[in-house]
file input-v9.json (JSON, C-alpha atoms)
[["chain", "number", "residue", "atom", "x", "y", "z"],
["A", 3, "GLY", "CA", -58.81, 21.68, -8.00],
["A", 4, "GLU", "CA", -58.46, 23.49, -11.27],
["A", 5, "ASP", "CA", -60.87, 23.84, -14.24],
["A", 6, "LEU", "CA", -63.48, 21.70, -12.51],
["A", 7, "ASP", "CA", -66.86, 20.90, -14.06],
["A", 8, "ARG", "CA", -70.13, 21.77, -12.32],
["A", 9, "PHE", "CA", -70.35, 18.35, -10.62],
["A", 10, "SER", "CA", -66.86, 18.40, -9.09],
["A", 11, "ALA", "CA", -66.47, 22.17, -8.62],
["A", 12, "TYR", "CA", -66.12, 23.41, -5.06],
["A", 13, "VAL", "CA", -69.20, 24.95, -3.45],
["A", 14, "PRO", "CA", -68.57, 26.29, 0.09],
["A", 15, "GLY", "CA", -71.81, 25.02, 1.64],
["A", 16, "ARG", "CA", -73.06, 22.66, 4.33],
["A", 17, "PHE", "CA", -72.90, 19.45, 2.27],
["A", 18, "GLY", "CA", -69.61, 18.33, 0.80],
["A", 19, "GLY", "CA", -66.12, 17.39, 1.78],
["A", 20, "LEU", "CA", -64.99, 20.89, 2.72],
["A", 21, "ARG", "CA", -67.37, 23.25, 4.47],
["A", 22, "LEU", "CA", -66.65, 26.91, 5.13],
["A", 23, "ARG", "CA", -68.67, 28.12, 8.09],
["A", 24, "GLY", "CA", -70.71, 31.26, 7.48],
["A", 25, "ILE", "CA", -70.33, 31.17, 3.69],
["A", 26, "SER", "CA", -73.54, 30.68, 1.71],
["A", 27, "SER", "CA", -73.57, 27.69, -0.64],
["A", 28, "ASP", "CA", -75.11, 29.77, -3.45],
["A", 29, "LEU", "CA", -72.32, 32.37, -3.31],
["A", 30, "LEU", "CA", -70.09, 30.82, -5.95],
["A", 31, "ILE", "CA", -69.11, 27.65, -7.76],
["A", 32, "ALA", "CA", -65.31, 27.77, -7.80],
["A", 33, "ASP", "CA", -63.28, 26.88, -10.89],
["A", 34, "ARG", "CA", -60.13, 26.98, -8.78],
["A", 35, "VAL", "CA", -59.79, 26.89, -4.99],
["A", 36, "GLY", "CA", -57.31, 26.50, -2.17],
["A", 37, "ALA", "CA", -58.73, 26.09, 1.33],
["A", 38, "VAL", "CA", -57.85, 25.34, 4.93],
["A", 39, "THR", "CA", -60.20, 24.61, 7.84],
["A", 40, "ALA", "CA", -59.79, 23.82, 11.51],
["A", 41, "SER", "CA", -62.31, 22.61, 14.06],
["A", 42, "LEU", "CA", -62.40, 21.37, 17.61],
["A", 43, "ALA", "CA", -65.20, 19.15, 18.91],
["A", 44, "VAL", "CA", -65.61, 18.76, 22.65],
["A", 45, "PRO", "CA", -68.03, 16.64, 24.67],
["A", 46, "LEU", "CA", -70.26, 18.92, 26.72],
["A", 47, "THR", "CA", -72.08, 15.98, 28.31],
["A", 48, "ARG", "CA", -72.19, 12.25, 27.63],
["A", 49, "LYS", "CA", -74.62, 12.75, 24.72],
["A", 50, "ILE", "CA", -74.06, 16.36, 23.64],
["A", 51, "ARG", "CA", -71.09, 17.55, 21.56],
["A", 52, "GLY", "CA", -70.03, 21.14, 20.96],
["A", 53, "GLU", "CA", -67.93, 22.24, 18.00],
["A", 54, "PHE", "CA", -65.87, 25.36, 17.26],
["A", 55, "GLY", "CA", -64.46, 25.97, 13.82],
["A", 56, "ALA", "CA", -62.91, 28.38, 11.34],
["A", 57, "GLY", "CA", -62.01, 28.19, 7.69],
["A", 58, "ALA", "CA", -60.49, 30.18, 4.87],
["A", 59, "ALA", "CA", -60.33, 29.71, 1.12],
["A", 60, "TRP", "CA", -59.07, 31.53, -1.94],
["A", 61, "ALA", "CA", -61.40, 30.94, -4.86],
["A", 62, "ARG", "CA", -61.83, 31.89, -8.50],
["A", 63, "ASP", "CA", -65.24, 31.81, -10.18],
["A", 64, "ARG", "CA", -65.11, 33.00, -13.79],
["A", 65, "ARG", "CA", -68.91, 33.18, -14.07],
["A", 66, "SER", "CA", -69.29, 35.75, -11.29],
["A", 67, "GLY", "CA", -65.94, 37.50, -11.77],
["A", 68, "TYR", "CA", -64.72, 36.48, -8.30],
["A", 69, "ALA", "CA", -60.97, 36.19, -8.92],
["A", 70, "ALA", "CA", -58.62, 34.62, -6.34],
["A", 71, "GLU", "CA", -60.18, 36.51, -3.48],
["A", 72, "PRO", "CA", -60.46, 35.26, 0.10],
["A", 73, "LEU", "CA", -63.48, 33.69, 1.78],
["A", 74, "SER", "CA", -63.44, 33.01, 5.52],
["A", 75, "GLY", "CA", -65.81, 32.36, 8.39],
["A", 76, "ILE", "CA", -66.08, 31.19, 11.99],
["A", 77, "GLY", "CA", -68.80, 29.31, 13.82],
["A", 78, "VAL", "CA", -70.01, 27.28, 16.78],
["A", 79, "GLY", "CA", -72.34, 24.30, 16.76],
["A", 80, "ILE", "CA", -73.93, 21.63, 18.90],
["A", 81, "ASN", "CA", -75.03, 18.06, 18.20],
["A", 82, "ALA", "CA", -77.50, 16.27, 20.46],
["A", 83, "PRO", "CA", -79.86, 13.29, 20.32],
["A", 84, "GLY", "CA", -83.31, 14.22, 19.08],
["A", 85, "PRO", "CA", -86.72, 12.57, 19.29],
["A", 86, "TRP", "CA", -87.43, 9.19, 17.64],
["A", 87, "GLY", "CA", -83.78, 8.26, 17.23],
["A", 88, "THR", "CA", -82.82, 11.37, 15.27],
["A", 89, "LEU", "CA", -79.78, 13.62, 15.65],
["A", 90, "LEU", "CA", -80.20, 17.38, 16.08],
["A", 91, "SER", "CA", -77.45, 19.58, 14.68],
["A", 92, "ALA", "CA", -77.54, 23.35, 15.21],
["A", 93, "SER", "CA", -74.94, 25.99, 14.39],
["A", 94, "VAL", "CA", -74.38, 29.73, 14.23],
["A", 95, "ALA", "CA", -71.66, 31.08, 11.97],
["A", 96, "TYR", "CA", -70.46, 34.41, 10.66],
["A", 97, "PRO", "CA", -68.54, 35.19, 7.47],
["A", 98, "LEU", "CA", -65.40, 37.25, 8.03],
["A", 99, "THR", "CA", -64.53, 37.91, 4.38],
["A", 100, "THR", "CA", -67.02, 37.32, 1.59],
["A", 101, "PRO", "CA", -68.43, 39.21, -1.38],
["A", 102, "GLY", "CA", -71.76, 40.92, -0.90],
["A", 103, "ASP", "CA", -73.66, 41.35, 2.34],
["A", 104, "ARG", "CA", -72.44, 39.77, 5.55],
["A", 105, "GLY", "CA", -74.66, 38.47, 8.29],
["A", 106, "PRO", "CA", -74.98, 35.53, 10.69],
["A", 107, "VAL", "CA", -75.86, 32.13, 9.25],
["A", 108, "VAL", "CA", -78.09, 29.91, 11.43],
["A", 109, "GLU", "CA", -78.61, 26.24, 10.56],
["A", 110, "LEU", "CA", -80.79, 23.60, 12.20],
["A", 111, "PHE", "CA", -80.85, 20.05, 10.94],
["A", 112, "VAL", "CA", -82.82, 17.03, 12.13],
["A", 113, "LEU", "CA", -80.95, 14.02, 10.81],
["A", 114, "ARG", "CA", -82.33, 10.53, 10.62],
["A", 115, "PRO", "CA", -79.77, 7.84, 11.51],
["A", 116, "LEU", "CA", -78.57, 5.57, 8.69],
["A", 117, "GLY", "CA", -78.99, 2.43, 10.75],
["A", 118, "ARG", "CA", -79.31, 1.19, 14.27],
["A", 119, "THR", "CA", -76.88, -1.01, 16.16],
["A", 120, "LYS", "CA", -78.05, -3.37, 18.83]]
call {"tool": "encode", "arguments": {"input": "input-v9.json", "output": "structure tokens"}}
result
Amino acid sequence: GEDLDRFSAYVPGRFGGLRLRGISSDLLIADRVGAVTASLAVPLTRKIRGEFGAGAAWARDRRSGYAAEPLSGIGVGINAPGPWGTLLSASVAYPLTTPGDRGPVVELFVLRPLGRTK
């Protein structure tokens, strides 16, 4: 994307079409971005799935002065059934290149299913 408004601008966080593992969603709102991600999900048991992933992006944010510099991160996660028909999603990620301080990012989500099938 190029010259995107605040509603369609790229934010490298958990929610959205393109997620960069280990990069905080409040880091930047990109005016221009190019990104690539890769992930591999493997069944650990019949109901538990593990995921490994990495991603990189080159972003420009005029507001913060971040100009065509790289962002990248790696992470592992697990998805498992939770109580009362929920889904538990947990992950640990680490930014490889990012502005500011670097440290591990830990996420835990309890997701309610959209609907049940019988």
call {"tool": "residues_around", "arguments": {"input": "input-v9.json", "residues": "Ile25 (chain A)", "least_positions_apart": "6", "cutoff": "10 Å", "atoms": "only C-alpha atoms", "output": "ChimeraX atom specification"}}
result
/A:13-16,57-58,73-76,95-101,104-107
call {"tool": "write_last_selection", "arguments": {"input": "input-v9.json", "atoms": "C-alpha atoms", "output": "compact mmCIF listing (two decimals), keeping the file's coordinate frame"}}
result
# COMPACT_ATOMS: atom_id res chain seq x y z
CA VAL A 13 -69.20 24.95 -3.45
CA PRO A 14 -68.57 26.29 0.09
CA GLY A 15 -71.81 25.02 1.64
CA ARG A 16 -73.06 22.66 4.33
CA GLY A 57 -62.01 28.19 7.69
CA ALA A 58 -60.49 30.18 4.87
CA LEU A 73 -63.48 33.69 1.78
CA SER A 74 -63.44 33.01 5.52
CA GLY A 75 -65.81 32.36 8.39
CA ILE A 76 -66.08 31.19 11.99
CA ALA A 95 -71.66 31.08 11.97
CA TYR A 96 -70.46 34.41 10.66
CA PRO A 97 -68.54 35.19 7.47
CA LEU A 98 -65.40 37.25 8.03
CA THR A 99 -64.53 37.91 4.38
CA THR A 100 -67.02 37.32 1.59
CA PRO A 101 -68.43 39.21 -1.38
CA ARG A 104 -72.44 39.77 5.55
CA GLY A 105 -74.66 38.47 8.29
CA PRO A 106 -74.98 35.53 10.69
CA VAL A 107 -75.86 32.13 9.25
call {"tool": "closest_residue", "arguments": {"input": "input-v9.json", "among": "A:Gly55, A:Gly84, A:Gly24, A:Gly36", "to": "Glu109 (chain A)", "atoms": "only C-alpha atoms"}}
result
A:Gly24
call {"tool": "atom_distance", "arguments": {"input": "input-v9.json", "atom1": "CA of Val112 (chain A)", "atom2": "CA of Leu90 (chain A)"}}
result
4.8 Å
call {"tool": "residues_near_point", "arguments": {"input": "input-v9.json", "point": "(-67.3, 20.1, 18.8)", "cutoff": "7 Å", "atoms": "only C-alpha atoms", "output": "PyMOL selection string"}}
result
chain A and resi 42-45+51-54+79-80
call {"tool": "closest_residue", "arguments": {"input": "input-v9.json", "among": "A:Val35, A:Gly102, A:Ser91, A:Val108", "to": "Asp63 (chain A)", "atoms": "all atoms listed in the file"}}
result
A:Val35
call {"tool": "closest_residue", "arguments": {"input": "input-v9.json", "among": "A:Ala37, A:Leu22, A:Ala59, A:Leu113", "to": "Glu71 (chain A)", "atoms": "all atoms listed in the file"}}
result
A:Ala59
call {"tool": "closest_residue", "arguments": {"input": "input-v9.json", "among": "A:Arg48, A:Arg114, A:Ala32, A:Ala70", "to": "Trp86 (chain A)", "atoms": "only C-alpha atoms"}}
result
A:Arg114
call {"tool": "atom_distance", "arguments": {"input": "input-v9.json", "atom1": "CA of Asn81 (chain A)", "atom2": "CA of Ile50 (chain A)"}}
result
5.8 Å
call {"tool": "closest_residue", "arguments": {"input": "input-v9.json", "among": "A:Ser26, A:Thr88, A:Pro83, A:Gly67", "to": "Lys49 (chain A)", "atoms": "all atoms listed in the file"}}
result
A:Pro83
